>>> print(open('run-v4.cif').read())   # mmCIF, C-alpha atoms; chains and numbers go by the auth columns
data_upload
#
loop_
_atom_site.group_PDB
_atom_site.id
_atom_site.type_symbol
_atom_site.label_atom_id
_atom_site.label_comp_id
_atom_site.label_asym_id
_atom_site.label_seq_id
_atom_site.Cartn_x
_atom_site.Cartn_y
_atom_site.Cartn_z
_atom_site.B_iso_or_equiv
_atom_site.auth_seq_id
_atom_site.auth_asym_id
ATOM 1 C CA MET A 1 129.527 70.992 43.074 0.00 215 A
ATOM 2 C CA TRP A 2 133.036 72.458 43.039 0.00 216 A
ATOM 3 C CA THR A 3 135.547 71.090 40.546 0.00 217 A
ATOM 4 C CA VAL A 4 139.112 71.964 39.662 0.00 218 A
ATOM 5 C CA SER A 5 137.906 73.621 36.472 0.00 219 A
ATOM 6 C CA THR A 6 135.613 75.964 38.427 0.00 220 A
ATOM 7 C CA VAL A 7 137.168 79.409 38.850 0.00 221 A
ATOM 8 C CA SER A 8 136.139 81.411 41.875 0.00 222 A
ATOM 9 C CA ASP A 9 135.166 85.063 41.334 0.00 223 A
ATOM 10 C CA ASN A 10 137.954 86.239 43.677 0.00 224 A
ATOM 11 C CA VAL A 11 140.805 84.650 41.689 0.00 225 A
ATOM 12 C CA ILE A 12 142.879 86.631 39.199 0.00 226 A
ATOM 13 C CA PRO A 13 144.325 84.197 36.643 0.00 227 A
ATOM 14 C CA PHE A 14 148.111 84.079 36.344 0.00 228 A
ATOM 15 C CA PRO A 15 149.770 85.509 34.347 0.00 229 A
ATOM 16 C CA ALA A 16 148.209 88.815 35.227 0.00 230 A
ATOM 17 C CA HIS A 17 148.621 90.318 31.731 0.00 231 A
ATOM 18 C CA ALA A 18 144.940 91.266 31.720 0.00 232 A
ATOM 19 C CA CYS A 19 145.420 93.536 34.742 0.00 233 A
ATOM 20 C CA ARG A 20 145.936 97.214 34.061 0.00 234 A
ATOM 21 C CA ALA A 21 148.642 98.896 36.106 0.00 235 A
ATOM 22 C CA THR A 22 147.440 101.275 38.813 0.00 236 A
ATOM 23 C CA GLN A 23 149.660 104.287 39.471 0.00 237 A
ATOM 24 C CA GLY A 24 148.406 105.288 42.914 0.00 238 A
ATOM 25 C CA CYS A 25 146.033 104.620 45.777 0.00 239 A
ATOM 26 C CA PRO A 26 142.428 104.766 44.541 0.00 240 A
ATOM 27 C CA HIS A 27 141.509 106.745 47.674 0.00 241 A
ATOM 28 C CA CYS A 28 144.171 109.466 47.707 0.00 242 A
ATOM 29 C CA GLY A 29 146.143 109.034 44.443 0.00 243 A
ATOM 30 C CA THR A 30 149.512 108.730 46.191 0.00 244 A
ATOM 31 C CA GLN A 31 151.713 105.820 47.279 0.00 245 A
ATOM 32 C CA THR A 32 153.873 105.039 50.281 0.00 246 A
ATOM 33 C CA ASN A 33 156.401 102.941 48.381 0.00 247 A
ATOM 34 C CA PHE A 34 156.923 100.362 45.611 0.00 248 A
ATOM 35 C CA TRP A 35 158.391 96.854 45.901 0.00 249 A
ATOM 36 C CA ARG A 36 159.239 94.455 43.102 0.00 250 A
ATOM 37 C CA PHE A 37 158.377 90.793 43.591 0.00 251 A
ATOM 38 C CA GLY A 38 159.180 88.486 40.706 0.00 252 A
ATOM 39 C CA ARG A 39 157.883 90.131 37.561 0.00 253 A
ATOM 40 C CA LEU A 40 155.431 92.521 39.285 0.00 254 A
ATOM 41 C CA LEU A 41 156.036 95.925 40.842 0.00 255 A
ATOM 42 C CA TRP A 42 153.655 96.451 43.776 0.00 256 A
ATOM 43 C CA GLY A 43 152.691 99.842 45.163 0.00 257 A
ATOM 44 C CA TYR A 44 151.078 100.335 48.539 0.00 258 A
ATOM 45 C CA CYS A 45 149.477 103.044 50.664 0.00 259 A
ATOM 46 C CA ASP A 46 149.996 102.874 54.443 0.00 260 A
ATOM 47 C CA GLU A 47 147.178 105.310 55.155 0.00 261 A
ATOM 48 C CA HIS A 48 144.462 103.327 53.358 0.00 262 A
ATOM 49 C CA GLU A 49 146.077 99.872 53.774 0.00 263 A
ATOM 50 C CA VAL A 50 145.783 98.920 50.093 0.00 264 A
ATOM 51 C CA ARG A 51 148.217 97.480 47.525 0.00 265 A
ATOM 52 C CA TRP A 52 148.128 97.302 43.743 0.00 266 A
ATOM 53 C CA VAL A 53 150.111 96.123 40.725 0.00 267 A
ATOM 54 C CA ALA A 54 151.961 99.188 39.469 0.00 268 A
ATOM 55 C CA ALA A 55 153.839 97.453 36.628 0.00 269 A
ATOM 56 C CA ASP A 56 154.341 94.047 35.047 0.00 270 A
ATOM 57 C CA PHE A 57 157.904 93.657 33.786 0.00 271 A
ATOM 58 C CA GLY A 58 157.097 90.374 32.011 0.00 272 A
ATOM 59 C CA ARG A 59 159.973 88.461 33.589 0.00 273 A
ATOM 60 C CA PRO A 60 161.132 87.913 37.169 0.00 274 A
ATOM 61 C CA ALA A 61 163.891 89.910 38.810 0.00 275 A
ATOM 62 C CA ALA A 62 167.249 88.139 38.478 0.00 276 A
ATOM 63 C CA ASN A 63 168.531 88.520 42.050 0.00 277 A
ATOM 64 C CA TYR A 64 166.608 88.217 45.278 0.00 278 A
ATOM 65 C CA ASN A 65 167.049 87.111 48.884 0.00 279 A
ATOM 66 C CA VAL A 66 164.482 84.452 49.823 0.00 280 A
ATOM 67 C CA ARG A 67 164.238 85.506 53.478 0.00 281 A
ATOM 68 C CA SER A 68 163.712 89.158 52.530 0.00 282 A
ATOM 69 C CA LEU A 69 161.223 88.173 49.827 0.00 283 A
ATOM 70 C CA LEU A 70 159.124 86.165 52.310 0.00 284 A
ATOM 71 C CA GLU A 71 159.157 88.995 54.878 0.00 285 A
ATOM 72 C CA ASN A 72 158.087 91.522 52.258 0.00 286 A
ATOM 73 C CA LEU A 73 155.336 89.240 50.920 0.00 287 A
ATOM 74 C CA LYS A 74 154.020 88.771 54.452 0.00 288 A
ATOM 75 C CA PHE A 75 153.999 92.551 54.915 0.00 289 A
ATOM 76 C CA LEU A 76 152.137 93.220 51.650 0.00 290 A
ATOM 77 C CA ALA A 77 149.656 90.408 52.370 0.00 291 A
ATOM 78 C CA SER A 78 148.312 92.546 55.232 0.00 292 A
ATOM 79 C CA PHE A 79 147.042 95.126 52.688 0.00 293 A
ATOM 80 C CA ASP A 80 143.863 94.765 50.613 0.00 294 A
ATOM 81 C CA GLU A 81 144.563 94.388 46.884 0.00 295 A
ATOM 82 C CA VAL A 82 142.894 96.978 44.646 0.00 296 A
ATOM 83 C CA SER A 83 144.526 96.141 41.291 0.00 297 A
ATOM 84 C CA GLU A 84 142.238 96.760 38.332 0.00 298 A
ATOM 85 C CA ARG A 85 141.248 93.909 36.035 0.00 299 A
#
>>> encode(input="run-v4.cif", output="structure tokens")
Amino acid sequence: MWTVSTVSDNVIPFPAHACRATQGCPHCGTQTNFWRFGRLLWGYCDEHEVRWVAADFGRPAANYNVRSLLENLKFLASFDEVSER
């Protein structure tokens, strides 16, 4: 039986302080670009279609445009996450 207290094995608890930052794509070691969303800096690799947490700043960015944020989140959601735990 599933309950609210049951944690699925594909869920990373928030805050993500237990995650180690990854500096580059695990396949090629490079990155296409970095984007900051809230408190996390995300890196991604176009060639291998993966994304990862590159840094955790501990607090959210002060200024952001909601429309741009949603477009960028939609873009990054198309990549597979490979952040280390």
>>> residues_near_point(input="run-v4.cif", point="(153.0, 106.2, 44.4)", cutoff="12 Å", atoms="only C-alpha atoms", output="number ranges by chain")
A: 235-249, 255-260, 264-269
>>> atom_distance(input="run-v4.cif", atom1="CA of Lys288 (chain A)", atom2="CA of Glu263 (chain A)")
13.7 Å
>>> atom_distance(input="run-v4.cif", atom1="CA of Phe251 (chain A)", atom2="CA of Arg273 (chain A)")
10.4 Å
>>> atom_distance(input="run-v4.cif", atom1="CA of Arg281 (chain A)", atom2="CA of Glu261 (chain A)")
26.2 Å
>>> residues_near_point(input="run-v4.cif", point="(152.3, 90.0, 48.4)", cutoff="10 Å", atoms="only C-alpha atoms", output="PyMOL selection string")
chain A and resi 249-251+254+256+265-266+283-295
